[in-house]
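Just final-v4.pdb here, PDB, C-alpha atoms:
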```pdb
ATOM      1  CA  MET A 306     -10.204  -9.703  25.802
ATOM      2  CA  LYS A 307     -13.240  -7.466  25.713
ATOM      3  CA  LYS A 308     -13.702  -5.903  22.278
ATOM      4  CA  THR A 309     -15.018  -2.398  21.844
ATOM      5  CA  SER A 310     -18.602  -2.044  20.697
ATOM      6  CA  ILE A 311     -17.251   0.188  17.923
ATOM      7  CA  ALA A 312     -15.246  -2.716  16.522
ATOM      8  CA  VAL A 313     -18.233  -5.024  16.695
ATOM      9  CA  LEU A 314     -20.476  -2.525  14.942
ATOM     10  CA  PHE A 315     -17.889  -1.814  12.300
ATOM     11  CA  LEU A 316     -17.356  -5.496  11.581
ATOM     12  CA  GLY A 317     -21.100  -5.965  11.374
ATOM     13  CA  LEU A 318     -20.901  -3.845   8.218
ATOM     14  CA  ALA A 319     -17.644  -5.316   6.993
ATOM     15  CA  GLY A 320     -19.395  -6.556   3.871
ATOM     16  CA  LEU A 321     -19.214  -3.061   2.451
ATOM     17  CA  SER A 322     -15.544  -3.206   1.573
ATOM     18  CA  ALA A 323     -12.394  -5.269   1.868
ATOM     19  CA  VAL A 324     -10.048  -4.018   4.583
ATOM     20  CA  SER A 325      -6.701  -5.347   3.458
ATOM     21  CA  PHE A 326      -3.844  -4.644   1.111
ATOM     22  CA  ALA A 327      -2.188  -6.821  -1.474
ATOM     23  CA  ASP A 328       0.460  -9.083   0.043
ATOM     24  CA  SER A 329       3.078  -7.145  -1.912
ATOM     25  CA  LEU A 330       2.322  -4.153   0.367
ATOM     26  CA  PRO A 331       0.862  -5.594   3.592
ATOM     27  CA  LEU A 332       0.308  -2.147   5.144
ATOM     28  CA  GLY A 333      -0.237  -0.205   1.941
ATOM     29  CA  ALA A 334       1.881   2.889   1.365
ATOM     30  CA  ALA A 335       3.095   2.627   4.978
ATOM     31  CA  SER A 336       4.902  -0.638   4.251
ATOM     32  CA  ALA A 337       8.186   0.945   3.109
ATOM     33  CA  PHE A 338       8.462   3.274   6.121
ATOM     34  CA  ASN A 339       9.898   2.756   9.597
ATOM     35  CA  LEU A 340       7.770   5.462  11.257
ATOM     36  CA  VAL A 341       4.399   6.669   9.944
ATOM     37  CA  ALA A 342       2.277   9.391  11.589
ATOM     38  CA  LEU A 343      -1.225   9.467  10.114
ATOM     39  CA  GLY A 344      -2.922  12.178  12.169
ATOM     40  CA  THR A 345      -6.565  11.803  13.157
ATOM     41  CA  VAL A 346      -9.752  13.603  12.205
ATOM     42  CA  ASP A 347     -13.250  13.668  13.654
ATOM     43  CA  SER A 348     -16.494  13.063  11.774
ATOM     44  CA  SER A 349     -16.489  16.693  10.565
ATOM     45  CA  GLY A 350     -13.001  16.400   9.111
ATOM     46  CA  ASN A 351     -11.360  18.454  11.861
ATOM     47  CA  THR A 352      -7.858  17.493  12.975
ATOM     48  CA  VAL A 353      -7.912  15.843  16.411
ATOM     49  CA  ILE A 354      -4.247  14.810  16.569
ATOM     50  CA  ALA A 355      -1.812  16.342  14.091
ATOM     51  CA  GLY A 356       0.240  13.734  12.262
ATOM     52  CA  ASN A 357       3.669  14.879  13.466
ATOM     53  CA  ILE A 358       6.908  12.966  13.980
ATOM     54  CA  GLY A 359       9.156  14.477  16.656
ATOM     55  CA  THR A 360      11.937  12.002  17.415
ATOM     56  CA  ASN A 361      15.615  12.952  17.154
ATOM     57  CA  ALA A 362      16.805   9.368  17.691
ATOM     58  CA  ASP A 363      18.433   7.599  14.737
ATOM     59  CA  VAL A 364      15.862   6.060  12.397
ATOM     60  CA  MET A 365      17.390   3.331  10.242
ATOM     61  CA  GLY A 366      14.484   3.237   7.794
ATOM     62  CA  ARG A 367      12.237   5.933   6.322
ATOM     63  CA  ILE A 368       9.763   8.290   7.989
ATOM     64  CA  ALA A 369       6.438   9.686   6.776
ATOM     65  CA  ALA A 370       4.300  12.300   8.540
ATOM     66  CA  ALA A 371       0.909  13.522   7.364
ATOM     67  CA  ASN A 372       1.720  16.870   8.947
ATOM     68  CA  MET A 373       5.234  17.948  10.073
ATOM     69  CA  VAL A 374       8.544  16.414  11.033
ATOM     70  CA  THR A 375       9.563  18.563  13.983
ATOM     71  CA  ALA A 376      13.000  17.176  14.877
ATOM     72  CA  GLY A 377      16.033  16.427  12.736
ATOM     73  CA  THR A 378      17.774  13.064  12.852
ATOM     74  CA  THR A 379      19.770  10.489  10.865
ATOM     75  CA  ILE A 380      17.696   8.547   8.352
ATOM     76  CA  GLY A 381      18.104   5.345   6.371
ATOM     77  CA  SER A 382      21.344   3.746   7.530
ATOM     78  CA  GLY A 383      19.687   0.318   7.879
ATOM     79  CA  LEU A 384      18.049   0.103   4.466
ATOM     80  CA  GLY A 385      20.774  -1.772   2.627
ATOM     81  CA  SER A 386      20.086  -5.289   3.870
ATOM     82  CA  ASN A 387      16.417  -5.143   4.824
ATOM     83  CA  ASP A 388      14.228  -3.139   2.485
ATOM     84  CA  PRO A 389      11.606  -5.407   0.870
ATOM     85  CA  TYR A 390       9.289  -2.530  -0.090
ATOM     86  CA  GLY A 391      11.844   0.105  -1.037
ATOM     87  CA  SER A 392      10.818   0.140  -4.674
ATOM     88  CA  SER A 393       7.396   1.526  -3.693
ATOM     89  CA  THR A 394       8.767   4.963  -2.752
ATOM     90  CA  THR A 395      11.547   7.366  -3.758
ATOM     91  CA  PHE A 396      11.509   9.225  -0.430
ATOM     92  CA  ALA A 397      13.557   8.835   2.741
ATOM     93  CA  VAL A 398      11.481  11.539   4.452
ATOM     94  CA  VAL A 399       7.903  12.584   3.728
ATOM     95  CA  ALA A 400       6.698  15.630   5.651
ATOM     96  CA  GLY A 401       3.245  16.502   4.338
ATOM     97  CA  ALA A 402       3.321  20.025   5.808
ATOM     98  CA  GLY A 403       7.106  20.393   5.816
ATOM     99  CA  VAL A 404       9.737  20.313   8.561
ATOM    100  CA  SER A 405      10.452  22.667  11.450
ATOM    101  CA  ALA A 406      12.990  25.425  10.939
ATOM    102  CA  GLY A 407      16.465  24.653  12.259
ATOM    103  CA  THR A 408      16.186  20.887  11.806
ATOM    104  CA  THR A 409      19.103  18.938  10.301
ATOM    105  CA  PHE A 410      18.802  15.561   8.605
ATOM    106  CA  ASN A 411      21.597  13.188   7.647
ATOM    107  CA  ILE A 412      20.230  10.991   4.862
ATOM    108  CA  ASN A 413      22.212   7.749   4.698
ATOM    109  CA  GLY A 414      19.711   5.902   2.537
ATOM    110  CA  GLY A 415      16.219   6.072   1.135
ATOM    111  CA  GLY A 416      16.510   8.831  -1.451
ATOM    112  CA  ASN A 417      14.660  12.123  -1.597
ATOM    113  CA  VAL A 418      13.096  14.380   1.025
ATOM    114  CA  TYR A 419       9.564  15.716   0.513
ATOM    115  CA  ALA A 420       9.153  18.962   2.493
ATOM    116  CA  PRO A 421       6.915  21.605   0.878
ATOM    117  CA  ASN A 422       8.106  24.459   3.111
ATOM    118  CA  ALA A 423      11.791  23.860   2.161
ATOM    119  CA  LYS A 424      13.014  24.495   5.723
ATOM    120  CA  GLY A 425      15.736  22.440   7.379
ATOM    121  CA  GLN A 426      19.194  21.319   6.364
ATOM    122  CA  TYR A 427      19.845  18.077   4.521
ATOM    123  CA  ASN A 428      23.133  16.201   4.279
ATOM    124  CA  TRP A 429      23.052  13.289   1.845
ATOM    125  CA  ASN A 430      25.582  10.544   2.530
ATOM    126  CA  GLU A 431      24.296   8.126  -0.066
ATOM    127  CA  SER A 432      25.036   7.422  -3.698
ATOM    128  CA  PRO A 433      23.253   8.389  -5.816
ATOM    129  CA  ARG A 434      22.455  11.473  -3.789
ATOM    130  CA  GLY A 435      18.815  12.332  -3.168
ATOM    131  CA  SER A 436      17.111  15.693  -3.613
ATOM    132  CA  LEU A 437      14.842  18.057  -1.708
ATOM    133  CA  ILE A 438      11.363  18.060  -3.306
ATOM    134  CA  THR A 439       9.086  20.970  -2.424
ATOM    135  CA  THR A 440       6.339  20.697  -5.051
ATOM    136  CA  GLY A 441       4.114  18.014  -6.474
ATOM    137  CA  SER A 442       3.117  14.872  -4.613
ATOM    138  CA  SER A 443       4.881  12.605  -2.147
ATOM    139  CA  GLY A 444       3.008   9.626  -3.539
ATOM    140  CA  ILE A 445       1.191   9.058  -0.230
ATOM    141  CA  ASP A 446      -2.498   9.912   0.060
ATOM    142  CA  PHE A 447      -2.628  10.210   3.854
ATOM    143  CA  ASN A 448      -6.414  10.631   3.937
ATOM    144  CA  SER A 449      -6.929   7.359   2.112
ATOM    145  CA  LEU A 450      -4.187   5.571   4.064
ATOM    146  CA  ARG A 451      -5.621   6.776   7.383
ATOM    147  CA  THR A 452      -9.126   5.628   6.479
ATOM    148  CA  THR A 453      -7.940   2.174   5.458
ATOM    149  CA  LEU A 454      -5.643   1.640   8.448
ATOM    150  CA  ASP A 455      -8.338   2.851  10.843
ATOM    151  CA  ALA A 456     -10.572   0.148   9.400
ATOM    152  CA  GLU A 457      -7.717  -2.375   9.464
ATOM    153  CA  THR A 458      -7.073  -1.937  13.188
ATOM    154  CA  LEU A 459     -10.764  -2.468  14.007
ATOM    155  CA  SER A 460     -10.910  -5.468  11.691
ATOM    156  CA  LEU A 461      -7.887  -7.101  13.332
ATOM    157  CA  ALA A 462      -9.243  -6.334  16.810
ATOM    158  CA  GLY A 463     -12.361  -8.312  15.899
ATOM    159  CA  LEU A 464     -10.471 -11.494  15.013
ATOM    160  CA  SER A 465     -11.006 -14.500  17.240
ATOM    161  CA  SER A 466      -8.008 -15.628  19.257
ATOM    162  CA  THR A 467      -6.475 -18.832  17.922
ATOM    163  CA  GLY A 468      -3.726 -19.320  20.493
ATOM    164  CA  VAL A 469      -3.280 -19.879  24.229
ATOM    165  CA  VAL A 470      -2.453 -16.846  26.378
ATOM    166  CA  GLY A 471      -0.511 -17.712  29.531
ATOM    167  CA  ALA A 472       0.486 -21.158  28.266
ATOM    168  CA  PRO A 473       2.914 -23.314  30.265
ATOM    169  CA  THR A 474       6.562 -22.378  29.925
ATOM    170  CA  PRO A 475       8.304 -24.646  27.386
ATOM    171  CA  LYS A 476      10.796 -27.146  28.720
ATOM    172  CA  GLY A 477      14.061 -25.360  29.420
ATOM    173  CA  GLY A 478      12.407 -21.936  29.247
ATOM    174  CA  ASN A 479      12.434 -19.147  31.765
ATOM    175  CA  PRO A 480       9.592 -19.588  34.284
ATOM    176  CA  SER A 481       9.115 -15.809  34.406
ATOM    177  CA  TRP A 482       7.981 -15.678  30.764
ATOM    178  CA  PHE A 483       4.359 -14.917  29.913
ATOM    179  CA  VAL A 484       3.887 -17.400  27.088
ATOM    180  CA  LEU A 485       1.689 -16.946  24.021
ATOM    181  CA  SER A 486       1.423 -20.336  22.331
ATOM    182  CA  GLY A 487       0.040 -21.014  18.855
ATOM    183  CA  THR A 488       0.363 -23.932  16.447
ATOM    184  CA  ASN A 489      -0.995 -22.607  13.151
ATOM    185  CA  PRO A 490       1.730 -22.521  10.463
ATOM    186  CA  VAL A 491       0.053 -19.547   8.709
ATOM    187  CA  LEU A 492      -1.617 -17.210  11.230
ATOM    188  CA  ASN A 493      -1.718 -17.036  15.029
ATOM    189  CA  VAL A 494      -3.902 -14.481  16.849
ATOM    190  CA  PHE A 495      -3.693 -13.572  20.535
ATOM    191  CA  ASP A 496      -5.628 -11.186  22.797
ATOM    192  CA  ILE A 497      -3.777  -9.712  25.775
ATOM    193  CA  THR A 498      -4.518  -6.997  28.299
ATOM    194  CA  ALA A 499      -2.647  -3.745  28.817
ATOM    195  CA  ALA A 500      -1.435  -5.098  32.172
ATOM    196  CA  GLU A 501       0.021  -8.209  30.540
ATOM    197  CA  PHE A 502       1.752  -6.054  27.916
ATOM    198  CA  ALA A 503       3.177  -3.776  30.633
ATOM    199  CA  ASP A 504       4.387  -6.422  33.089
ATOM    200  CA  THR A 505       8.106  -5.799  33.725
ATOM    201  CA  ASN A 506       8.489  -9.120  35.566
ATOM    202  CA  HIS A 507       7.009 -11.369  32.882
ATOM    203  CA  PRO A 508       8.319 -10.686  29.355
ATOM    204  CA  LEU A 509       6.207 -11.944  26.464
ATOM    205  CA  ASP A 510       7.486 -15.150  24.835
ATOM    206  CA  ILE A 511       5.739 -15.886  21.523
ATOM    207  CA  GLN A 512       5.817 -19.624  20.824
ATOM    208  CA  VAL A 513       4.597 -20.224  17.242
ATOM    209  CA  PRO A 514       5.822 -21.967  14.077
ATOM    210  CA  VAL A 515       8.612 -20.071  12.337
ATOM    211  CA  GLY A 516       7.279 -18.233   9.287
ATOM    212  CA  SER A 517       3.739 -17.762  10.593
ATOM    213  CA  THR A 518       2.166 -14.320  10.877
ATOM    214  CA  VAL A 519       1.416 -13.286  14.469
ATOM    215  CA  ILE A 520      -1.241 -10.712  15.407
ATOM    216  CA  ILE A 521      -1.355  -9.647  19.060
ATOM    217  CA  ASN A 522      -4.372  -7.527  19.961
ATOM    218  CA  VAL A 523      -3.605  -5.409  23.022
ATOM    219  CA  ASP A 524      -6.531  -4.094  25.076
ATOM    220  CA  GLY A 525      -6.620  -0.688  26.762
ATOM    221  CA  THR A 526      -6.507   3.012  25.954
ATOM    222  CA  SER A 527      -3.155   3.829  27.599
ATOM    223  CA  VAL A 528      -0.608   1.092  27.046
ATOM    224  CA  THR A 529       3.088   0.708  27.966
ATOM    225  CA  LEU A 530       5.515  -2.071  27.029
ATOM    226  CA  GLY A 531       7.387  -3.013  30.178
ATOM    227  CA  ALA A 532       9.893  -5.678  29.063
ATOM    228  CA  GLY A 533      11.532  -7.181  25.986
ATOM    229  CA  ILE A 534       9.833  -9.493  23.492
ATOM    230  CA  TYR A 535      10.929 -13.119  23.055
ATOM    231  CA  PHE A 536      10.251 -15.430  20.111
ATOM    232  CA  ASN A 537      10.449 -19.181  20.737
ATOM    233  CA  GLY A 538      12.604 -18.503  23.776
ATOM    234  CA  VAL A 539      15.075 -16.094  22.163
ATOM    235  CA  GLN A 540      14.909 -12.356  22.743
ATOM    236  CA  GLU A 541      14.020 -10.527  19.547
ATOM    237  CA  SER A 542      16.772  -8.473  17.916
ATOM    238  CA  ASP A 543      18.059  -7.478  14.494
ATOM    239  CA  THR A 544      19.988 -10.738  14.288
ATOM    240  CA  ASN A 545      16.842 -12.788  13.579
ATOM    241  CA  ASP A 546      14.067 -12.375  11.043
ATOM    242  CA  ASP A 547      11.073 -13.417  13.115
ATOM    243  CA  ASP A 548      10.067  -9.952  14.287
ATOM    244  CA  ASN A 549       8.997  -8.875  10.792
ATOM    245  CA  MET A 550       6.096 -11.363  10.994
ATOM    246  CA  ILE A 551       4.720  -9.982  14.294
ATOM    247  CA  LEU A 552       2.152  -7.183  14.503
ATOM    248  CA  PHE A 553       0.906  -5.630  17.750
ATOM    249  CA  ASN A 554      -2.512  -4.095  17.159
ATOM    250  CA  PHE A 555      -3.861  -1.358  19.433
ATOM    251  CA  GLY A 556      -7.454  -0.858  18.337
ATOM    252  CA  GLN A 557      -8.458   1.139  21.433
ATOM    253  CA  ALA A 558      -5.277   2.950  22.441
ATOM    254  CA  THR A 559      -4.847   6.715  22.532
ATOM    255  CA  SER A 560      -1.355   6.420  24.053
ATOM    256  CA  VAL A 561       1.318   3.762  23.446
ATOM    257  CA  SER A 562       4.709   3.932  25.205
ATOM    258  CA  ILE A 563       7.634   1.657  24.366
ATOM    259  CA  ASP A 564       9.737   1.368  27.529
ATOM    260  CA  GLY A 565      11.183  -2.083  26.860
ATOM    261  CA  GLN A 566      13.043  -3.345  23.787
ATOM    262  CA  MET A 567      10.381  -3.685  21.099
ATOM    263  CA  ASP A 568      10.716  -5.816  17.987
ATOM    264  CA  GLY A 569       7.587  -6.216  15.919
ATOM    265  CA  ALA A 570       5.257  -3.930  13.994
ATOM    266  CA  VAL A 571       2.855  -1.582  15.798
ATOM    267  CA  LEU A 572      -0.513  -0.516  14.375
ATOM    268  CA  ALA A 573      -1.993   2.198  16.617
ATOM    269  CA  PRO A 574      -3.725   4.686  14.293
ATOM    270  CA  PHE A 575      -5.653   6.436  17.117
ATOM    271  CA  ALA A 576      -2.670   6.821  19.474
ATOM    272  CA  VAL A 577       0.321   8.988  20.226
ATOM    273  CA  LEU A 578       3.379   6.699  20.163
ATOM    274  CA  SER A 579       6.527   7.436  22.187
ATOM    275  CA  GLY A 580       9.179   5.673  24.228
ATOM    276  CA  ASN A 581      12.739   5.526  25.464
ATOM    277  CA  SER A 582      13.854   2.050  24.386
ATOM    278  CA  GLN A 583      15.175   0.590  21.142
ATOM    279  CA  MET A 584      12.438  -0.186  18.649
ATOM    280  CA  GLY A 585      12.565  -2.428  15.593
ATOM    281  CA  GLY A 586       9.681  -2.703  13.156
ATOM    282  CA  THR A 587       7.082  -0.746  11.216
ATOM    283  CA  PHE A 588       5.460   1.743  13.604
ATOM    284  CA  ILE A 589       2.173   3.382  12.605
ATOM    285  CA  ALA A 590       0.363   5.830  14.889
ATOM    286  CA  ALA A 591      -1.628   9.060  14.842
ATOM    287  CA  ALA A 592       1.492  10.946  15.988
ATOM    288  CA  ILE A 593       4.990   9.936  17.082
ATOM    289  CA  GLY A 594       6.988  11.717  19.778
ATOM    290  CA  GLN A 595      10.442  11.000  21.149
ATOM    291  CA  THR A 596      11.572   7.385  20.786
ATOM    292  CA  GLY A 597      14.621   5.255  21.311
ATOM    293  CA  GLU A 598      16.717   4.255  18.297
ATOM    294  CA  VAL A 599      14.467   2.847  15.580
ATOM    295  CA  HIS A 600      15.667  -0.145  13.546
ATOM    296  CA  ASN A 601      14.212  -0.955  10.144
ATOM    297  CA  ASP A 602      12.468  -4.332  10.265
ATOM    298  CA  GLU A 603       9.589  -3.837   7.833
ATOM    299  CA  PHE A 604       6.482  -5.900   8.530
ATOM    300  CA  ASP A 605       6.396  -8.768   6.065
ATOM    301  CA  GLY A 606       3.500 -10.850   7.354
ATOM    302  CA  THR A 607       0.270 -11.714   5.568
ATOM    303  CA  LEU A 608      -2.810 -10.065   7.065
ATOM    304  CA  PRO A 609      -6.171 -11.839   6.782
ATOM    305  CA  THR A 610      -8.506 -10.553   4.104
ATOM    306  CA  VAL A 611     -11.978  -9.313   4.927
ATOM    307  CA  THR A 612     -14.026 -10.632   2.014
ATOM    308  CA  ALA A 613     -16.266  -8.013   0.454
ATOM    309  CA  ALA A 614     -19.915  -8.952   0.095
ATOM    310  CA  THR A 615     -22.023  -6.984  -2.382
ATOM    311  CA  PRO A 616     -24.950  -5.138  -0.751
ATOM    312  CA  GLU A 617     -28.292  -4.969  -2.517
ATOM    313  CA  PRO A 618     -28.545  -1.742  -4.589
ATOM    314  CA  GLY A 619     -31.523  -0.507  -2.584
ATOM    315  CA  THR A 620     -29.589  -0.727   0.702
ATOM    316  CA  MET A 621     -26.371   0.901  -0.498
ATOM    317  CA  THR A 622     -27.271   4.437   0.594
ATOM    318  CA  LEU A 623     -28.550   3.328   3.991
ATOM    319  CA  LEU A 624     -25.500   1.174   4.685
ATOM    320  CA  GLY A 625     -23.129   3.906   3.575
ATOM    321  CA  THR A 626     -24.786   6.333   5.985
ATOM    322  CA  GLY A 627     -24.451   3.748   8.746
ATOM    323  CA  VAL A 628     -20.728   3.333   8.175
ATOM    324  CA  LEU A 629     -20.172   7.084   8.244
ATOM    325  CA  GLY A 630     -22.133   7.336  11.466
ATOM    326  CA  ILE A 631     -20.107   4.549  13.068
ATOM    327  CA  ALA A 632     -16.835   6.112  11.936
ATOM    328  CA  GLY A 633     -17.891   9.406  13.502
ATOM    329  CA  LEU A 634     -18.910   7.635  16.708
ATOM    330  CA  ALA A 635     -15.545   5.895  16.849
ATOM    331  CA  ARG A 636     -13.723   9.189  16.505
ATOM    332  CA  ARG A 637     -15.820  10.876  19.182
ATOM    333  CA  ARG A 638     -15.312   7.979  21.537
ATOM    334  CA  PHE A 639     -11.573   7.662  21.090
ATOM    335  CA  PHE A 640     -10.738  11.371  20.797
ATOM    336  CA  LYS A 641     -12.742  13.947  22.667
ATOM    337  CA  ALA A 642     -11.559  17.444  21.926
TER     338      ALA A 642
END
```
Translate the structure described by the file into structure tokens.
Amino acid sequence: MKKTSIAVLFLGLAGLSAVSFADSLPLGAASAFNLVALGTVDSSGNTVIAGNIGTNADVMGRIAAANMVTAGTTIGSGLGSNDPYGSSTTFAVVAGAGVSAGTTFNINGGGNVYAPNAKGQYNWNESPRGSLITTGSSGIDFNSLRTTLDAETLSLAGLSSTGVVGAPTPKGGNPSWFVLSGTNPVLNVFDITAAEFADTNHPLDIQVPVGSTVIINVDGTSVTLGAGIYFNGVQESDTNDDDNMILFNFGQATSVSIDGQMDGAVLAPFAVLSGNSQMGGTFIAAAIGQTGEVHNDEFDGTLPTVTAATPEPGTMTLLGTGVLGIAGLARRRFFKA
């Protein structure tokens, strides 16, 4: 897959800082949330895409929006059995700029609601009952989280593929599958095109050792999932635990649509995410529109660490200026006002 020149340039200066989180929180503050809308800014700090969440489909985990939550829904009903990072937050809903008037939320798990404008109606069906918080902090620094996840997506996009894309169908498998085959027991990386991701006639079958982390870099600026995802020949669903080790990375995308059953995390910090099919995983985007029902399968894989080299003191200022320039170039390239 052709990498963007932005990613190459960014990774050329990767020695400036590590771009990874501790394994205890593989996606930082986003780890405990089902849907996360980061918003985007240009090099001058102007908002390019507001970090809104606008789905009214049931969300079985938590949601966090840098800006507003614009549609009411049911939150948190799937947290009881699958919530490895729940202790890192006290909030079921984080709406950095509040919620839209007239919205109604049924909170079945996850705790409090952070909504500074105090609009909306909240029905808690959990014990102990949560509260509406309108002052103070949500505990999420969206500016810092956005910066780190922007760097993370470019870092992952620069990884070398370790597996075989379009491998032969395993014995007894469906010949229509588009097979991604890897043998590493720890980490398997694949590069696929937007067309391969969108193919309705050839669902992806990920053939890797159970327990390994899988990173699938998807090329393209406008990307649509066309069919379900299979893991070792079995379609992904909430009945297995393999999907929480899979991360689809969209380092170039400005639009991601989920129109086939999706199980696996999505990292698309420059994109608007939407869809009409059931989704299961941790979904991170610039903004999130209408979706199908969202199941809480929090990403639990181990992302590779970018080791931080220490620049010479005399080059620190120059290198810092270079990184800022590249970040601004990336923003202008991906998001033109």
- Task: Counting all atoms listed in the file, note down every residue that has an atom within 12 Å of the point (-4.6, 1.1, 7.0) (file coordinates), as a VMD selection string.
- Result: chain A and resid 323 to 327 330 to 336 341 to 343 446 to 461 554 556 571 to 575 589 to 591 608
- Task: I would like the residues chosen by the PyMOL selection byres ((chain A and resi 532) around 7) on the shown file; could you give them as a ChimeraX atom specification?
- Result: /A:504-505,508,530-531,533-534,565-566
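Going from CA of Val374 in chain A over to CA of Thr395 in chain A, you cover 17.6 Å.
CA of Phe338 in chain A is found 20.2 Å from CA of Ser405 in chain A.
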- Note on the structure: CA of Asp524 in chain A sits from CA of Ala337 in chain A at a separation of 26.9 Å
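Proximity to Ile368 in chain A was assessed for A:Thr587, A:Glu598, A:Gly487, A:Ser466 counting only C-alpha atoms; the smallest distance is recorded for A:Thr587.
Once the PyMOL selection byres ((chain A and resi 400) around 10) is applied to this file, the selection holds A:Ala342, A:Gly356, A:Asn357, A:Ile358, A:Ile368, A:Ala369, A:Ala370, A:Ala371, A:Asn372, A:Met373, A:Val374, A:Thr375, A:Val398, A:Val399, A:Gly401, A:Ala402, A:Gly403, A:Val404, A:Ser405, A:Val418, A:Tyr419, A:Ala420, A:Pro421, A:Asn422, A:Thr439, A:Ser443.
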- Task: For the file shown, report as a ChimeraX atom specification the outcome of the PyMOL selection byres ((chain A and resi 473) around 10) at residue level.
- Result: /A:469-472,474-476,478,480,482-486
- Of A:Val364, A:Val528, A:Leu509, A:Ala576, the one nearest to Gly415 in chain A when counting all atoms listed in the file is A:Val364
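Of the residues under consideration (A:Asp510, A:Glu501, A:Asp496, A:Asp605), A:Asp496 shows the shortest atom-to-atom contact distance to Phe553 in chain A when counting all atoms listed in the file.
Residues with any atom within 12 Å of Glu541 in chain A, counting all atoms listed in the file and excluding same-chain neighbours fewer than 4 positions away, are Pro508, Leu509, Asp510, Ile511, Ala532, Gly533, Ile534, Tyr535, Phe536, Asn537, Asn545, Asp546, Asp547, Asp548, Asn549, Met550, Ile551, Gly565, Gln566, Met567, Asp568, Gly569, Gln583, Met584, Gly585, Gly586 and Asp602 of chain A.
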Written file, previous selection with C-alpha atoms, as a PDB file, in the frame of the given file:
```pdb
ATOM      1  CA  PRO A 508       8.319 -10.686  29.355  1.00  0.00           C
ATOM      2  CA  LEU A 509       6.207 -11.944  26.464  1.00  0.00           C
ATOM      3  CA  ASP A 510       7.486 -15.150  24.835  1.00  0.00           C
ATOM      4  CA  ILE A 511       5.739 -15.886  21.523  1.00  0.00           C
ATOM      5  CA  ALA A 532       9.893  -5.678  29.063  1.00  0.00           C
ATOM      6  CA  GLY A 533      11.532  -7.181  25.986  1.00  0.00           C
ATOM      7  CA  ILE A 534       9.833  -9.493  23.492  1.00  0.00           C
ATOM      8  CA  TYR A 535      10.929 -13.119  23.055  1.00  0.00           C
ATOM      9  CA  PHE A 536      10.251 -15.430  20.111  1.00  0.00           C
ATOM     10  CA  ASN A 537      10.449 -19.181  20.737  1.00  0.00           C
ATOM     11  CA  ASN A 545      16.842 -12.788  13.579  1.00  0.00           C
ATOM     12  CA  ASP A 546      14.067 -12.375  11.043  1.00  0.00           C
ATOM     13  CA  ASP A 547      11.073 -13.417  13.115  1.00  0.00           C
ATOM     14  CA  ASP A 548      10.067  -9.952  14.287  1.00  0.00           C
ATOM     15  CA  ASN A 549       8.997  -8.875  10.792  1.00  0.00           C
ATOM     16  CA  MET A 550       6.096 -11.363  10.994  1.00  0.00           C
ATOM     17  CA  ILE A 551       4.720  -9.982  14.294  1.00  0.00           C
ATOM     18  CA  GLY A 565      11.183  -2.083  26.860  1.00  0.00           C
ATOM     19  CA  GLN A 566      13.043  -3.345  23.787  1.00  0.00           C
ATOM     20  CA  MET A 567      10.381  -3.685  21.099  1.00  0.00           C
ATOM     21  CA  ASP A 568      10.716  -5.816  17.987  1.00  0.00           C
ATOM     22  CA  GLY A 569       7.587  -6.216  15.919  1.00  0.00           C
ATOM     23  CA  GLN A 583      15.175   0.590  21.142  1.00  0.00           C
ATOM     24  CA  MET A 584      12.438  -0.186  18.649  1.00  0.00           C
ATOM     25  CA  GLY A 585      12.565  -2.428  15.593  1.00  0.00           C
ATOM     26  CA  GLY A 586       9.681  -2.703  13.156  1.00  0.00           C
ATOM     27  CA  ASP A 602      12.468  -4.332  10.265  1.00  0.00           C
TER      28      ASP A 602
END
```
- Message: When you look at Pro514 in chain A with a cut-off of 7 Å (counting all atoms listed in the file), what residues show up, excluding the ones that are within fewer than 2 positions of it in the same chain? I need them as an NGL selection string.
- Response: :A and (488-490 or 516-517)
Keeping only C-alpha atoms, write the selected residues to a file as an mmCIF file, in the coordinates of the input.
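File result_15.cif, as written:
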```cif
data_model
loop_
_atom_site.group_PDB
_atom_site.id
_atom_site.type_symbol
_atom_site.label_atom_id
_atom_site.label_comp_id
_atom_site.auth_asym_id
_atom_site.auth_seq_id
_atom_site.Cartn_x
_atom_site.Cartn_y
_atom_site.Cartn_z
ATOM 1 C CA THR A 488 0.363 -23.932 16.447
ATOM 2 C CA ASN A 489 -0.995 -22.607 13.151
ATOM 3 C CA PRO A 490 1.730 -22.521 10.463
ATOM 4 C CA GLY A 516 7.279 -18.233 9.287
ATOM 5 C CA SER A 517 3.739 -17.762 10.593
#
```
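Proximity of A:Ala503, A:Ala423, A:Ile412, A:Leu578 to Gly435 in chain A, computed with only C-alpha atoms, is greatest for A:Ile412.
Distances here use all atoms listed in the file; by that measure, the residue among A:Gly366, A:Gly538, A:Gly381, A:Gly416 closest to Ile438 in chain A is A:Gly416.
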